[in-house]
Structure formats: structure tokens, C-alpha cells
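Below is one structure; the comments refer to it alone.
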Amino acid sequence: MIRAQAFPVLGLVTASVLLAAVAATAAAQSAVPAAATAPLSAAVPSYQLEADVSMRHIRVDVAFSGARLVIFGSVNTPGSATVDPRNLDIVAVIEGARSQLTVRRKSHVFGLWINTESAGFAAAPRYYAVASTRPISQIAPKALLAEMGLGVDDVPITAAVPGAQSVPHDTLDDFRAAAIREGVREHHYVRFDRAISFVGSSLFRGEVDLPSNIPVGDLDVRVYLFGAGTLLARHDSHLKLEREGFEHFIYGFARQNPLIYGVATVLMAALIGLAGSFLAGRRLR
Amino acid sequence: MTFYLPIAEITVNIFVYVAMGAAVGFLSGMFGVGGGFLMTPLLILTGIPAPVAVGTGSAQVVASSVAGTISQTRRGNVDFKMGLVLFVGGLVGAIVGVKLVGILHRIGQFDVFVSLTYVILLGTVGVLMLIESVRSIAHSRNGAAHKRNRSHHTWVHSMPFKMRFHRSKLYMSVLPPLAIGAFTGLLAAIMGVGGGFVMVPAMIYLLKMPTGVVIGTSLFQIGCVTALTTILHAVFNHNIDAPLAVLLAAGAVVGAEFGASAGQRLKGEQLRFLLAALVLMMALRIAFDLVAAPAGLYSISFGQEGE
């Protein structure tokens, strides 16, 4: 009997605690985006961010097998205020050239799995890496990250190509989300949590290994400084992957004189065939 | 030892691709097929972008079919006249095929069409060859000196525009070889293969050519067709990786020679049985991909739509 009577009381207490907790969380959640809408407001002490990458040019030659990129920089406050890196976070984005992206979806038709729907997006990065001092979900609120297109969950895949999709407009977001999932699975979109760390009080550095199949061309490197869930400063730099020597020659040949290149390839293949059968013929005799 | 491929834009191990070329070359030398229907999927499997795999695969087929043609010529197994007739048909087929590819891309069902065509063609050809070769093997086991029916009175041989093909010991109309050539040219353009797996059985069963001559002649014709498609790919799609083609070709020519010698030691019906098994395996593999639930419903591709 006593236990039965205790239940409603206990229930009431639990409910009120829960309510209070929910209210507190809601307040906290609404507080962060409010700050986030004015990320560079003068209310916080102004920080200066300087950053650079270890290479301006990456030579893509026959021995190219990816490259290790070092991202480094420093955080300063003008005047006497000291920087406490414990409250600061660095997020670096390395983004390759953008191109059109087609996303296809399979369905089960008459017992066969075939591509039935597709959506075309005007521009998606062919390579997108995020390196940070800790997982970015801990650095800034989700809404801000989404708004900035920061993080592999929010890779900026922009504007569907008109007429290039067979799907209704409202399912386009599903295709965008699927594109990011596939991009992550195929290592086009990668994250390096905790790849960047502070050295001393104001210097930071981090290393990112660029894969060998990274698209040749321009790479944008954007470095962001976060503190207490808000964006404090940003610094952009660029680097370029360039074909050199033999790679440059073959690529240029294939693009500029495709007919001669094709004929030359066929002749070379035929020559290899001739040489092979000649050598084998001597061996057999 | 690694190498960065300029067109595929990926770093690869040289020896993997030389070995792959050798393995496919061995089969192509043995059966008189170009090996494109094996090489292209293998290249895609190892991370070469699909368009580059299709284009570069055809360049490799040029090398192994030149090597194969020469060693078959040495054995007197090439009917150049028949090969040229087939090639003329192939030219027409390739041009029609290129147009058809454009139409199918616009409809948006290119992949399914290719997969289904593969399954139906490979499946039919494989089953027919398997039945025939098993029967032949059973006949020769029974001790009966089995002679293949070389009757010249089928519908195929009662057509106009007759021509004499000495090597094949045939006096027949040029229309059937032209049609077979056109059909394989069509396949070459659509599927990025030489079409040997269709042409070899067609020459054996429809044209009634001797198996030995069929292999040499089909290699000759495949060499001509793939030389053409390689140049077309280079001009229109920029998807030929010449260094990769060299790696594959170097392996393939060595493999082709060993394959041709191995083929000499086997009887015609045994060769046909093995080719049938290979073709059927490929058909089942593609059919499985069509029927089995995929790992993911979505797939992505960068670049222009339909590239």
C-alpha cells in the first residue's frame, strides 16, 4: 500500500526534473544559434588568424603517390590579452575543384535492380577533407556548420541542374544526403578529427595526407578559428597540383592532338604485339 | 613499383597490371577472343575509372590481337579475306552503334541495356556452345570418328554475292559474314569489347568455318575493329591511358603466345567447351549483379551527365 501511494509522488518529482532539464537544454540550444548568427560580432575579443600550407605547388609526376600537406598558423589577439588555446579550435577545409555530380538510385523492377531515378547537381567538390582539433560536432553547433557548409555531413553540393533529374523536387535532399554518404564511402569526402593541434600558446599545425587520386588542379584551403561555438576568424590559402614532365606531356598530347595520340597509341600497341610475337617465335624455334 | 597514370589519374602498381594483361592475354591467345569482356571489368574492379577502363581496354586488345594474329598466321590459321569482309561489316556496325549509344543515353537506360545485352548474349552463346561441345566430346569418347556437319546447303549458304574463301574452304555469300561483322561492330561500340565471344561461335556454327581458322581470323578482325574504336575513344572521349595500355599490352603479348601454344594442344571441342564455360561464368556474374540486392541503392558519378 505504501509503495502504491509513493508512486504518484515519485512520478511527479521525476516529471518536474525532466521538464526542467528539457527547458534548460532548449535554452542552451537556442542560445548557441543566436550567437552563431553574428559570428564575427565585436562582442568577443578580436582574434587574428594567420595560416599557410607547406606547399604552394604539388608536382604530379610519374612517381606521384599522394602528398602530405602541412597546415600551420598562429592565433593572436591585438594588445595585451593572452591567447588560451584550450578555449579555441581550428578547423581546416581542403577542397578540390568542383564539377557536376550525378546521383542515381536503383529500384527493384521485374526482379532486376536497375537505375530508375537520377538527380544532377550543378557543382560538388571532387575532393573535400576536414581536419580539426577535435570532432567538429563538438566545436560548433550543427546549424552553424550546415550554414557554413563545413564538415563532411554538410559538403556543399549546390543547385540541381534544371532538367537533369527524374525525381520530384522534394526528394532532392535525399539524393544530396545519399551523394554525401557515397562520397564518404568512396573517400572523396574525408575527415581527420584531431589532426590539428596547438603547439604552445598560439601556434598550431596539422598534417593531411592527400590521396593519389586527388583531382589535379586547384585546391582551396580554408582555415577557421572557433571559440565557444562561434566563428572568430578565417584565413584562406590556395595550392595547385600540376602535372610535370612525362605526365604533363602525355596529358597535353591526349587533349590537344587526340587523333595523333590515338593513332600513336594504336601503333605502339601493335608494335608491342609484333615484338612480343617475334620474341616468342624465336623462343619457340 | 608504382606509377602515376596520367589519364586515369591514379597511382598503380606496375606489376599488377602487367600480370593482369598476361592473364587476359593467355585466354585471348587460347580462344581467339580479344579479352575485352574480361579486361574492362577487371580494370574497373582495381579502381580505374570506368570510361578509362573501356577505352584503354580496347588499346590493350589491339596489342594482344596483333600478337595472336601473327602467331596464328605462322600456323596458317588466318583467313585474311574473310577477316576483311568481317571488318567491313564491323565498320558499319560500329557507326550505327555509336549513334545507338547516344539514343540510349538520352533515354537514360544505357547501363541496364548493356547489362541485359551482356547476359542474354553471353548466356545464349555460352549455353549453345556448351551443349554442342559436350556432345562432340561425348562423340569422340565413344570412339566414333565424329565429323562436324559441313553441309553447304543451309540457308546461310544459298545467298547471292558468293565469294571463295580458300583458307576456310568455303564458297559462300558475303552477306552472312558482313552481317556478323556488323553485329560485332555494334557490340564493340556499345559495350567496349571486341565481340570475339559472339563472333567466334557465329563463325563456327553459322559460317561453318574450321575451328582452327576461326580463331586466327577472329583475332585479325578484332585487331582491326579495336584499332578503330581506340582512335574513336581517343578523339571523342579522351579516355585512353597510353602508359596503362603499354603495361597491359606488354603482359598480354607474352600471355597470348603461351595461350596460343596451350590452345594448340587442345582439341577444337575442348577449346569450345572451355570458352563456353568462361562465357557462362561471365554471364552469371553480370546476371547476379542485376538480380542480387545491391549494397547501396545510390551511386554517384562526377562529370557531365552520361559521361
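Letters A, B, ... mark the chains of the C-alpha cells in the order given; residue numbers begin at 1 per chain; ligand numbers begin at 1, in order shown.
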Practice item. Name the residues in contact with range 66-70 of chain B at a cut-off of 8 Å, using only C-alpha atoms, excluding same-chain residues fewer than 6 positions from it; report them as a ChimeraX atom specification. Key: /A:270,272-274,276-277 /B:28-29,32,78,216-217,219-220,223,253,256-257,260
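Proximity to Leu116 in chain B at 10 Å, evaluated using only C-alpha atoms and with sequence-adjacent residues fewer than 2 positions away removed, yields A:Leu112, B:Asp111, B:Val112, B:Phe113, B:Val114, B:Tyr118, B:Val119, B:Ile120, B:Leu121, B:Leu122, B:Ala283, B:Ile286, B:Ala287, B:Leu290.
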Any chance you can output those residues with N, CA and C atoms as a PDB file, in the first residue's frame?
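Result saved to selection.pdb:
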```pdb
ATOM      1  N   LEU A 112      14.741  -7.225 -61.269  1.00  0.00           N
ATOM      2  CA  LEU A 112      16.079  -6.709 -61.566  1.00  0.00           C
ATOM      3  C   LEU A 112      16.315  -5.411 -60.801  1.00  0.00           C
TER       4      LEU A 112
ATOM      5  N   ASP B 111      22.942   1.709 -68.971  1.00  0.00           N
ATOM      6  CA  ASP B 111      23.580   0.665 -68.143  1.00  0.00           C
ATOM      7  C   ASP B 111      22.790  -0.632 -68.168  1.00  0.00           C
ATOM      8  N   VAL B 112      21.473  -0.502 -67.987  1.00  0.00           N
ATOM      9  CA  VAL B 112      20.619  -1.684 -67.953  1.00  0.00           C
ATOM     10  C   VAL B 112      20.657  -2.392 -69.303  1.00  0.00           C
ATOM     11  N   PHE B 113      20.584  -1.605 -70.366  1.00  0.00           N
ATOM     12  CA  PHE B 113      20.606  -2.173 -71.705  1.00  0.00           C
ATOM     13  C   PHE B 113      21.886  -2.978 -71.914  1.00  0.00           C
ATOM     14  N   VAL B 114      23.020  -2.390 -71.515  1.00  0.00           N
ATOM     15  CA  VAL B 114      24.304  -3.079 -71.694  1.00  0.00           C
ATOM     16  C   VAL B 114      24.336  -4.367 -70.874  1.00  0.00           C
ATOM     17  N   TYR B 118      24.524  -8.099 -72.415  1.00  0.00           N
ATOM     18  CA  TYR B 118      25.612  -8.989 -71.993  1.00  0.00           C
ATOM     19  C   TYR B 118      25.052 -10.335 -71.549  1.00  0.00           C
ATOM     20  N   VAL B 119      24.091 -10.297 -70.626  1.00  0.00           N
ATOM     21  CA  VAL B 119      23.567 -11.529 -70.037  1.00  0.00           C
ATOM     22  C   VAL B 119      22.919 -12.400 -71.111  1.00  0.00           C
ATOM     23  N   ILE B 120      22.065 -11.767 -71.939  1.00  0.00           N
ATOM     24  CA  ILE B 120      21.349 -12.545 -72.957  1.00  0.00           C
ATOM     25  C   ILE B 120      22.333 -13.137 -73.966  1.00  0.00           C
ATOM     26  N   LEU B 121      23.238 -12.289 -74.460  1.00  0.00           N
ATOM     27  CA  LEU B 121      24.190 -12.762 -75.471  1.00  0.00           C
ATOM     28  C   LEU B 121      25.138 -13.807 -74.911  1.00  0.00           C
ATOM     29  N   LEU B 122      25.788 -13.460 -73.814  1.00  0.00           N
ATOM     30  CA  LEU B 122      26.760 -14.381 -73.220  1.00  0.00           C
ATOM     31  C   LEU B 122      26.063 -15.666 -72.806  1.00  0.00           C
ATOM     32  N   ALA B 283      28.491 -14.392 -67.802  1.00  0.00           N
ATOM     33  CA  ALA B 283      27.053 -14.093 -67.882  1.00  0.00           C
ATOM     34  C   ALA B 283      26.407 -14.196 -66.507  1.00  0.00           C
ATOM     35  N   ILE B 286      27.308 -11.183 -64.261  1.00  0.00           N
ATOM     36  CA  ILE B 286      26.560  -9.960 -64.561  1.00  0.00           C
ATOM     37  C   ILE B 286      25.093 -10.130 -64.162  1.00  0.00           C
ATOM     38  N   ALA B 287      24.530 -11.322 -64.422  1.00  0.00           N
ATOM     39  CA  ALA B 287      23.139 -11.593 -64.039  1.00  0.00           C
ATOM     40  C   ALA B 287      22.980 -11.463 -62.530  1.00  0.00           C
ATOM     41  N   LEU B 290      22.588  -7.984 -61.470  1.00  0.00           N
ATOM     42  CA  LEU B 290      21.285  -7.413 -61.806  1.00  0.00           C
ATOM     43  C   LEU B 290      20.208  -7.864 -60.828  1.00  0.00           C
TER      44      LEU B 290
END
```
Exercise for review: Determine which residues of range 94-307 of chain B DSSP labels as strand (DSSP E or B) from the backbone of this structure, then write them out as number ranges by chain.
Suggested key: B: 162-165, 170-173, 298-302
Write a file of the just-selected residues containing C-alpha atoms, as a short mmCIF file (atom, residue, chain, number, x, y, z; two decimals), in the first residue's frame.
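What landed in part_35.cif:
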```cif
data_model
loop_
_atom_site.label_atom_id
_atom_site.label_comp_id
_atom_site.auth_asym_id
_atom_site.auth_seq_id
_atom_site.Cartn_x
_atom_site.Cartn_y
_atom_site.Cartn_z
CA LYS B 162 29.18 -15.65 -103.46
CA MET B 163 32.89 -15.47 -102.84
CA ARG B 164 35.56 -18.10 -102.43
CA PHE B 165 37.39 -18.24 -99.08
CA LEU B 170 34.21 -22.16 -98.19
CA TYR B 171 32.41 -20.86 -101.25
CA MET B 172 29.62 -18.73 -99.91
CA SER B 173 27.74 -15.44 -99.99
CA TYR B 298 22.59 5.05 -54.66
CA SER B 299 25.63 5.58 -56.83
CA ILE B 300 27.46 8.75 -57.76
CA SER B 301 29.49 9.87 -60.74
CA PHE B 302 31.34 13.14 -61.25
#
```
Point to revise | Selection: 10 Å around Phe204 in chain A, only C-alpha atoms, excl. self and same-chain fewer than 5 positions, as a ChimeraX atom specification | key: /A:51,71-75,85,89-90,133,196-199
Check your understanding: Within 8 Å of chain A, which residues of chain B show up when using only C-alpha atoms, listed as a count of residues only?
Key -> 55
Practice item. Mind listing the helix (DSSP H, G or I) residues of range 81-299 of chain B, per DSSP on the backbone, as a ChimeraX atom specification? Key: /B:81-107,110-141,155-157,175-191,196-205,211-236,242-264,268-291
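CA of Gly35 in chain B to CA of Val85 in chain B spans 21.9 Å [interatomic distance, one decimal].
Residues within 10 Å of Lys169 in chain B, counting only C-alpha atoms and excluding same-chain residues fewer than 4 positions away, are Asp79, Arg164, Phe165, Lys208, Met209, Pro210 and Val213 of chain B.
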Once you have the residues from the selection above, write them out as an mmCIF file, in the first residue's frame, restricted to N, CA and C atoms.
```cif
data_model
loop_
_atom_site.group_PDB
_atom_site.id
_atom_site.type_symbol
_atom_site.label_atom_id
_atom_site.label_comp_id
_atom_site.auth_asym_id
_atom_site.auth_seq_id
_atom_site.Cartn_x
_atom_site.Cartn_y
_atom_site.Cartn_z
ATOM 1 N N ASP B 79 42.360 -16.442 -92.176
ATOM 2 C CA ASP B 79 41.727 -16.207 -93.464
ATOM 3 C C ASP B 79 41.552 -14.703 -93.616
ATOM 4 N N ARG B 164 34.838 -16.904 -102.851
ATOM 5 C CA ARG B 164 35.561 -18.096 -102.431
ATOM 6 C C ARG B 164 36.553 -17.743 -101.324
ATOM 7 N N PHE B 165 36.452 -18.443 -100.186
ATOM 8 C CA PHE B 165 37.394 -18.237 -99.084
ATOM 9 C C PHE B 165 38.255 -19.491 -98.968
ATOM 10 N N LYS B 208 30.188 -22.147 -90.555
ATOM 11 C CA LYS B 208 30.773 -23.500 -90.636
ATOM 12 C C LYS B 208 32.260 -23.454 -90.991
ATOM 13 N N MET B 209 32.962 -22.451 -90.437
ATOM 14 C CA MET B 209 34.407 -22.399 -90.669
ATOM 15 C C MET B 209 35.097 -23.389 -89.743
ATOM 16 N N PRO B 210 36.260 -23.935 -90.136
ATOM 17 C CA PRO B 210 37.001 -24.827 -89.243
ATOM 18 C C PRO B 210 37.452 -24.067 -87.997
ATOM 19 N N VAL B 213 40.862 -22.103 -88.031
ATOM 20 C CA VAL B 213 40.896 -20.887 -88.834
ATOM 21 C C VAL B 213 40.072 -19.776 -88.173
#
```
**Study point:** Which of A:Val70, A:Tyr224, A:Glu244, A:Ile58 sits closest to Met148 in chain A [using only C-alpha atoms]
**Key:** A:Tyr224
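Counting only C-alpha atoms, the residue from A:Arg194, A:Arg56, A:Arg185, A:Arg86 that sits nearest to Glu207 in chain A is A:Arg194.
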